[in-house]
Structure formats: C-alpha cells, structure tokens
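Data block for upload-v4.cif (mmCIF, C-alpha atoms):
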data_coords
loop_
_atom_site.label_atom_id
_atom_site.label_comp_id
_atom_site.auth_asym_id
_atom_site.auth_seq_id
_atom_site.Cartn_x
_atom_site.Cartn_y
_atom_site.Cartn_z
CA MET A 236 103.79 98.73 171.65
CA LYS A 237 100.92 96.50 172.71
CA GLU A 238 102.03 93.14 173.99
CA LEU A 239 100.34 90.01 172.72
CA ASP A 240 100.41 86.62 174.29
CA LEU A 241 102.54 84.09 172.42
CA PRO A 242 99.73 81.98 170.88
CA LEU A 243 97.92 85.06 169.54
CA ALA A 244 101.14 86.57 168.20
CA ALA A 245 101.95 83.34 166.39
CA LYS A 246 98.48 83.23 164.83
CA ARG A 247 98.74 86.86 163.75
CA SER A 248 102.16 86.30 162.16
CA SER A 249 100.87 83.25 160.32
CA LEU A 250 97.81 85.15 159.06
CA LYS A 251 99.95 88.07 157.84
CA LYS A 252 102.26 85.67 156.01
CA TYR A 253 99.25 84.05 154.31
CA VAL A 254 97.78 87.41 153.28
CA ASP A 255 101.13 88.59 151.90
CA GLU A 256 102.08 85.39 150.13
CA GLY A 257 98.71 83.77 149.61
CA SER A 258 98.60 80.78 147.38
CA GLY A 259 98.85 80.41 143.62
CA ASP A 260 98.98 83.11 140.93
CA ASP A 261 96.45 85.37 142.64
CA ALA A 262 98.45 85.78 145.85
CA HIS A 263 99.06 89.54 145.38
CA MET A 264 97.37 92.47 143.77
CA PRO A 265 98.89 93.27 140.34
CA ALA A 266 100.54 96.63 139.79
CA ASP A 267 98.66 99.33 137.88
CA ASN A 268 99.23 102.95 136.94
CA GLN A 269 98.42 104.11 140.50
CA HIS A 270 99.55 101.29 142.78
CA SER A 271 102.70 99.28 143.27
CA GLY A 272 102.30 95.54 143.24
CA PHE A 273 103.30 92.33 141.56
CA ILE A 274 103.16 91.56 137.83
CA THR A 275 100.94 88.84 136.42
CA ALA A 276 101.98 86.35 133.78
CA GLU A 277 100.19 88.45 131.14
CA MET A 278 101.92 91.61 132.35
CA TYR A 279 105.25 89.78 132.11
CA LYS A 280 104.52 88.91 128.47
CA GLN A 281 103.61 92.54 127.78
CA LEU A 282 106.90 93.65 129.35
CA LEU A 283 108.83 91.30 127.08
CA SER A 284 106.88 92.65 124.12
CA ALA A 285 107.80 96.23 125.05
CA ILE A 286 111.51 95.41 124.94
CA GLY A 287 111.30 93.62 121.58
CA ASP A 288 110.11 90.07 122.15
CA ARG A 289 107.27 89.35 119.71
CA LYS A 290 104.30 87.05 120.22
CA HIS A 291 103.68 84.41 117.55
CA VAL A 292 100.27 84.38 115.87
CA ASP A 293 98.88 81.31 114.15
CA ASP A 294 98.45 80.94 110.40
CA ALA A 295 95.20 82.44 109.06
CA SER A 296 94.99 84.94 111.94
CA ASP A 297 93.44 88.26 110.95
CA ILE A 298 95.88 91.15 111.34
CA TYR A 299 93.00 93.59 111.82
CA GLU A 300 91.73 91.58 114.81
CA LEU A 301 95.02 91.71 116.76
CA ASP A 302 95.13 93.57 120.06
CA PRO A 303 97.74 96.31 120.52
CA GLY A 304 101.15 94.70 120.73
CA ARG A 305 104.06 93.24 118.76
CA TYR A 306 103.69 90.01 116.80
CA PHE A 307 105.22 87.77 114.15
CA GLY A 308 103.64 85.23 111.84
CA GLN A 309 102.94 84.25 108.25
CA ASN A 310 100.04 83.20 106.03
CA LEU A 311 97.94 85.87 107.71
CA LYS A 312 94.57 87.25 106.69
CA ASN A 313 94.48 90.88 105.47
CA ALA A 314 98.25 90.99 104.97
CA PRO A 315 99.51 93.50 102.35
CA THR A 316 99.28 92.34 98.74
CA GLY A 317 102.35 90.35 97.81
CA ALA A 318 103.24 89.59 101.44
CA ALA A 319 100.45 87.15 102.36
CA THR A 320 102.74 84.13 102.72
CA ALA A 321 105.87 85.89 103.99
CA LEU A 322 107.11 85.95 107.57
CA LEU A 323 105.96 89.32 108.95
CA PHE A 324 106.79 91.55 111.88
CA ILE A 325 103.57 93.26 112.99
CA ASP A 326 103.09 96.27 115.29
CA VAL A 327 99.59 97.31 116.38
CA ASP A 328 99.11 100.67 118.15
CA ARG A 329 95.83 101.97 119.51
CA ALA A 330 94.84 105.40 120.83
CA ASP A 331 93.15 105.20 124.23
CA GLN A 332 89.91 106.85 123.18
CA THR A 333 86.26 105.93 122.77
CA ASN A 334 86.60 105.40 119.04
CA ASP A 335 88.73 102.63 117.58
CA HIS A 336 91.83 104.47 116.32
CA LYS A 337 94.57 102.05 115.29
CA GLU A 338 97.79 102.01 113.30
CA TYR A 339 99.16 98.80 111.82
CA LYS A 340 102.78 98.45 110.73
CA VAL A 341 103.97 95.37 108.85
CA VAL A 342 107.57 94.61 107.88
CA VAL A 343 108.45 91.70 105.60
CA ALA A 344 111.19 89.88 107.48
CA TYR A 345 113.38 88.81 104.56
CA THR A 346 113.36 92.11 102.59
CA GLY A 347 112.58 94.86 105.10
CA GLN A 348 109.71 96.13 102.92
CA THR A 349 107.46 98.23 105.20
CA TYR A 350 103.71 98.80 105.05
CA TYR A 351 101.33 100.98 107.08
CA ARG A 352 97.56 101.08 107.48
CA ASN A 353 95.65 103.58 109.60
CA LYS A 354 92.16 103.00 110.95
CA HIS A 355 90.96 106.30 112.39
CA VAL A 356 87.21 106.15 112.79
CA ASN A 357 84.57 108.65 113.85
CA SER A 358 81.63 108.08 116.17
CA GLY A 359 79.72 106.46 113.32
CA GLY A 360 82.44 103.81 112.87
CA ALA A 361 83.90 105.15 109.63
CA ASN A 362 86.16 107.87 108.25
CA ALA A 363 85.90 108.80 104.59
CA SER A 364 89.19 110.75 104.75
CA THR A 365 91.33 107.72 105.58
CA PRO A 366 92.75 105.90 102.52
CA LEU A 367 91.84 102.23 102.33
CA GLY A 368 94.40 99.46 102.23
CA TRP A 369 98.13 99.42 102.91
CA SER A 370 100.60 102.16 102.02
CA THR A 371 104.20 101.32 101.19
CA VAL A 372 107.34 103.05 102.39
CA GLU A 373 110.17 103.67 99.94
CA LYS A 374 113.63 103.31 101.38
CA TYR A 375 116.89 104.52 99.85
CA TYR A 376 120.15 102.65 100.29
CA PRO A 377 123.41 104.54 99.49
CA LEU A 378 125.36 102.64 96.82
CA TRP A 379 127.91 105.15 95.56
CA GLU A 380 128.85 108.82 95.97
CA GLY A 381 131.23 110.98 93.97
CA ASN A 382 131.41 113.31 90.97
CA VAL A 383 131.96 111.81 87.50
CA SER A 384 130.85 112.70 84.00
CA ALA A 385 133.21 111.02 81.53
CA ALA A 386 131.93 108.17 79.41
CA ASP A 387 133.41 104.71 80.11
CA THR A 388 133.96 105.54 83.80
CA VAL A 389 133.46 102.39 85.89
CA LEU A 390 131.69 102.79 89.24
CA THR A 391 131.93 100.17 91.99
CA ILE A 392 128.81 100.17 94.15
CA THR A 393 128.42 98.79 97.68
CA ASP A 394 125.70 96.21 96.98
CA ASN A 395 124.30 94.11 94.16
CA ILE A 396 122.04 96.26 92.03
CA TYR A 397 119.84 93.27 91.23
CA LYS A 398 118.41 93.48 94.76
CA PHE A 399 116.64 96.70 93.78
CA LYS A 400 113.69 97.22 91.43
CA LYS A 401 114.41 100.95 91.03
CA VAL A 402 117.48 103.17 91.20
CA ARG A 403 117.52 106.84 92.22
CA LEU A 404 120.23 108.93 90.51
CA THR A 405 121.25 112.42 91.61
CA LEU A 406 122.20 114.59 88.62
CA ASN A 407 123.53 118.14 88.32
CA ASP A 408 123.15 120.06 85.06
CA SER A 409 125.32 123.01 86.22
CA ASN A 410 122.34 125.33 85.64
CA SER A 411 119.65 124.49 88.18
CA GLY A 412 121.39 122.44 90.85
CA GLU A 413 120.92 118.81 91.89
CA HIS A 414 117.87 116.74 90.99
CA ASP A 415 116.85 113.23 92.06
CA ILE A 416 115.61 111.04 89.22
CA THR A 417 114.15 107.57 89.88
CA VAL A 418 114.39 105.03 87.05
CA PRO A 419 113.62 101.30 86.81
CA ARG A 420 116.62 99.06 87.39
CA ALA A 421 117.64 97.66 84.01
CA GLY A 422 120.68 96.65 82.00
CA ALA A 423 120.72 100.23 80.67
CA MET A 424 119.35 103.14 82.74
CA ILE A 425 118.84 106.64 81.37
CA ALA A 426 118.05 109.75 83.40
CA TYR A 427 117.83 113.27 82.04
CA LEU A 428 117.06 116.83 83.12
CA THR A 429 115.35 119.64 81.24
CA TYR A 430 116.39 123.26 81.61
CA PRO A 431 114.02 125.91 80.17
CA TRP A 432 115.59 129.08 78.81
CA LEU A 433 114.13 132.17 80.41
CA SER A 434 115.54 134.71 77.95
CA GLN A 435 114.00 133.14 74.83
CA HIS A 436 111.87 130.19 73.73
CA GLY A 437 113.95 127.09 74.20
CA VAL A 438 114.92 124.18 76.38
CA SER A 439 118.08 122.17 77.00
CA PHE A 440 118.27 118.46 77.83
CA PHE A 441 121.07 116.90 79.89
CA GLY A 442 121.39 113.20 80.50
CA ILE A 443 123.43 110.28 81.80
CA ALA A 444 123.17 106.71 80.53
CA LEU A 445 124.38 103.99 82.92
CA LYS A 446 124.82 100.32 82.15
CA ILE A 447 125.42 97.33 84.36
CA LYS A 448 128.98 96.41 83.46
CA ASP A 449 128.43 92.66 83.72
CA ALA A 450 124.72 92.06 83.19
CA SER A 451 124.37 88.87 85.20
CA ASP A 452 122.96 88.08 88.61
CA ASN A 453 126.45 87.80 90.07
CA GLY A 454 127.87 90.90 88.41
CA GLY A 455 125.67 93.66 89.70
CA THR A 456 128.27 95.57 91.70
CA LYS A 457 129.81 97.56 88.83
CA LEU A 458 128.16 100.21 86.66
CA ILE A 459 129.65 102.07 83.72
CA VAL A 460 128.86 105.54 82.40
CA ASP A 461 127.79 104.68 78.88
CA ARG A 462 126.89 108.15 77.63
CA ASN A 463 126.79 111.74 78.82
CA TYR A 464 124.74 113.88 76.45
CA SER A 465 123.05 117.26 76.02
CA TYR A 466 120.77 118.78 73.40
CA SER A 467 119.09 122.15 72.98
CA LEU A 468 115.99 123.31 71.15
CA THR A 469 115.47 127.01 70.51
CA ASP A 470 112.72 129.15 68.98
CA GLN A 471 110.40 126.16 68.77
CA TRP A 472 107.65 127.24 71.18
CA THR A 473 104.54 129.31 70.51
CA ASP A 474 102.65 131.00 73.33
CA ASN A 475 98.93 130.62 74.09
CA THR A 476 97.86 128.20 71.36
CA ARG A 477 95.18 126.72 73.67
CA ILE A 478 96.07 123.25 72.39
CA CYS A 479 97.28 121.93 75.75
CA SER A 480 94.54 121.27 78.32
CA LEU A 481 94.75 120.38 82.01
CA LYS A 482 92.62 117.30 82.63
CA LYS A 483 93.58 116.08 86.08
CA ILE A 484 95.58 116.99 89.19
CA GLU A 485 96.23 114.20 91.69
CA GLY A 486 97.50 114.47 95.24
CA VAL A 487 100.07 111.98 96.44
CA PHE A 488 99.23 110.64 99.92
#
Take the structure in this file and express it as structure tokens.
Amino acid sequence: MKELDLPLAAKRSSLKKYVDEGSGDDAHMPADNQHSGFITAEMYKQLLSAIGDRKHVDDASDIYELDPGRYFGQNLKNAPTGAATALLFIDVDRADQTNDHKEYKVVVAYTGQTYYRNKHVNSGGANASTPLGWSTVEKYYPLWEGNVSAADTVLTITDNIYKFKKVRLTLNDSNSGEHDITVPRAGAMIAYLTYPWLSQHGVSFFGIALKIKDASDNGGTKLIVDRNYSYSLTDQWTDNTRICSLKKIEGVF
C-alpha cells in the first residue's frame, strides 16, 4: 500500500467524503434499472404509490392527462358519466412503447363501482377498433344460497336489497339445469325459464316470483317466495312460415 504524507492523506479523505456525501439533494447518483444508488424524493413518492399510497389530484384535473400512477380526487374532467363529482380512486397504466397505449381504471370510493377505459393507438394516433368511453364492470355479491320452491317461504339475505339496482337469481327447472336470470330490483321480482319440447311442438314455462317482505328502506333483508308457477303450450307452432325475420345481431364487448 502506497504511503501518503499526513496532510495529503487528510485532504484525500476530506475530498472522498465530499464526493460521497456531497451537499443537498443531488449528493448521490439515483438508482436506476442497471445501477445501485440512492432514491430521489420523486422516486420515494413512486415507491409509496407502488405499495398503495395514492397521490391527490386537484379538482378539474383531466384524468386522461395523468401520468402512469395511482391517484385520488373528485370533480375531475373526463370522469365516467355519473361519477364526475364523486371521490375516485384512479389507476393509470402505460405500455412502454413508442405509441401511447394506456389503460385507465376508476373506482367510485363510496360504492365500489368500477370503470375501465383503454387507449390503444396505432402509429397514426388512433385505433378504430377500441370502443370509446368508459366500460362498467358488473359485480355480484352473494346474498343467499339454498334450495327452496314452496310459496310463502321467507328468505333472510345477508345485506339490504335496496343497495342493489338489479338482482341475479339462479333457477333450476329440473329439465335443463341451472340458469342465471338478472331482473331489476323491485317490490316484486319475477324470473322465468322456457323449456322447448324436442319431441313435439311445444314449450314449458317455469317461474319464481319473489317479493320484498317489508317493502321499506329499512326492511330489505327479507324476501318471500310469492309464487312458483309453470305452464305449457303444445301443438301451437308452425314450421317455416317466413314471418319471423332476423334484423340485427350485436356483439357484447
């Protein structure tokens, strides 16, 4: 090891300390995907975002102008219809490519309603295949499970039915297995199945009518089977009359 005289050694140690520690926020090189280093204040905020801490955005901010990250705010521009004034959780993801490919996810804080919008553009800055606007996500909350058919049976559900705009009922007609039927939430809800006869012209109908037992805002935790019915029609169909025409087929995105 090369010996240094004391004054030079002291100067060298002091210089090394200054280079390592520096002064202020720019004292060290920040870490990147190839080099170890120190994190900047912005990198620290991004780390907090990655583990769930969201950045607040001001009122009137444009959701479409947000950088990739996790945010919260309200009264935002380009929010989904019906959620413009609500407190929103916002996730923005971007593909690391030349074109601007982004996915926006918005969750209404007080209901959990979820929306998505994809912006996947081509080199010309557009993509005719991408639907415009926000899509909604339907969620299903279990309220009751069992096997009943008798009229006047009372069912106690796990939440207030008035929280939901629609109700999905699973029915079994003993012929063709289980079917999910979605109906609007109402004081009386009717769902039915149709079973076509294969051996002759005819069809059978099977249905359940449910009512809210106490039709008030505070009484939405009990339902009652109001009716259980079936009906059959036979020898009523005629083949190939050419009266029925197909006018439209729509794909659901």
Would you pick out the contacts of Ile416 in chain A at 10 Å or less, using only C-alpha atoms, so that residues sharing its chain but fewer than 4 positions from it are not included, and give the list as number ranges by chain?
A: 402-406, 425-428
Serialized selection, C-alpha atoms, as a short mmCIF file (atom, residue, chain, number, x, y, z; two decimals), in the frame of the given file:
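Listed below is the output, result-v3.cif:
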data_model
loop_
_atom_site.label_atom_id
_atom_site.label_comp_id
_atom_site.auth_asym_id
_atom_site.auth_seq_id
_atom_site.Cartn_x
_atom_site.Cartn_y
_atom_site.Cartn_z
CA VAL A 402 117.48 103.17 91.20
CA ARG A 403 117.52 106.84 92.22
CA LEU A 404 120.23 108.93 90.51
CA THR A 405 121.25 112.42 91.61
CA LEU A 406 122.20 114.59 88.62
CA ILE A 425 118.84 106.64 81.37
CA ALA A 426 118.05 109.75 83.40
CA TYR A 427 117.83 113.27 82.04
CA LEU A 428 117.06 116.83 83.12
#
Out of A:Tyr375, A:Leu322, A:Asp293, A:Asn395, which residue has the shortest atom-to-atom distance to Asp415 in chain A when counting all atoms listed in the file?
A:Tyr375
Name the residues captured by the PyMOL selection byres ((chain A and resi 353) around 10) when it is applied to the shown file; answer as a list in words.
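This file, filtered by the PyMOL selection byres ((chain A and resi 353) around 10), leaves Asp328, His336, Lys337, Glu338, Tyr339, Lys340, Tyr351, Arg352, Lys354, His355, Val356, Thr365, Pro366, Leu367, Gly368, Trp369 and Ser370 of chain A.
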What does the structure give for the distance between CA of Tyr345 in chain A and CA of Pro419 in chain A, in Å to one decimal?
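According to the coordinates, CA of Tyr345 in chain A and CA of Pro419 in chain A are separated by 21.7 Å.
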List the spatial neighbours of Leu433 in chain A as a list of chain:residue names - criterion: any atom at most 12 Å away, only C-alpha atoms, same-chain residues fewer than 6 positions off excluded.
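Surrounding residues, per the criterion: A:Asn410, A:Ser439, A:Thr469, A:Asp470.
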Any idea what the distance is between CA of Thr275 in chain A and CA of Ala295 in chain A?
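We find that CA of Thr275 in chain A and CA of Ala295 in chain A lie 28.7 Å from each other.
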Could you check how far CA of Leu301 in chain A sits from CA of Ala314 in chain A, in Å to one decimal?
12.2 Å
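Selection check: the PyMOL selection byres ((chain A and resi 296) around 10) on the shown file gives A:Val292, A:Asp293, A:Asp294, A:Ala295, A:Asp297, A:Ile298, A:Tyr299, A:Glu300, A:Leu301, A:Gly308, A:Gln309, A:Asn310, A:Leu311, A:Lys312, A:Asn313, A:Ala314.
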Could you dump the residues just selected with C-alpha atoms as an mmCIF file, in the frame of the given file?
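part.cif was written with the following content:
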data_model
loop_
_atom_site.group_PDB
_atom_site.id
_atom_site.type_symbol
_atom_site.label_atom_id
_atom_site.label_comp_id
_atom_site.auth_asym_id
_atom_site.auth_seq_id
_atom_site.Cartn_x
_atom_site.Cartn_y
_atom_site.Cartn_z
ATOM 1 C CA VAL A 292 100.270 84.380 115.870
ATOM 2 C CA ASP A 293 98.880 81.310 114.150
ATOM 3 C CA ASP A 294 98.450 80.940 110.400
ATOM 4 C CA ALA A 295 95.200 82.440 109.060
ATOM 5 C CA ASP A 297 93.440 88.260 110.950
ATOM 6 C CA ILE A 298 95.880 91.150 111.340
ATOM 7 C CA TYR A 299 93.000 93.590 111.820
ATOM 8 C CA GLU A 300 91.730 91.580 114.810
ATOM 9 C CA LEU A 301 95.020 91.710 116.760
ATOM 10 C CA GLY A 308 103.640 85.230 111.840
ATOM 11 C CA GLN A 309 102.940 84.250 108.250
ATOM 12 C CA ASN A 310 100.040 83.200 106.030
ATOM 13 C CA LEU A 311 97.940 85.870 107.710
ATOM 14 C CA LYS A 312 94.570 87.250 106.690
ATOM 15 C CA ASN A 313 94.480 90.880 105.470
ATOM 16 C CA ALA A 314 98.250 90.990 104.970
#
Top pick for closest residue to Arg329 in chain A, considering A:Asp288, A:Glu413, A:Asp302, A:Pro315 and counting all atoms listed in the file
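Closest candidate: A:Asp302.
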Using all atoms listed in the file, the residue out of A:Met278, A:Val327, A:Tyr464, A:Ile392 with shortest distance to Glu380 in chain A is A:Ile392
Of the candidates A:Ala318, A:Ile325, A:Ala330, A:Met264, which one gets nearest to Gly287 in chain A if we count all atoms listed in the file?
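Once distances to Gly287 in chain A are computed over all atoms listed in the file, the minimum belongs to A:Ile325.
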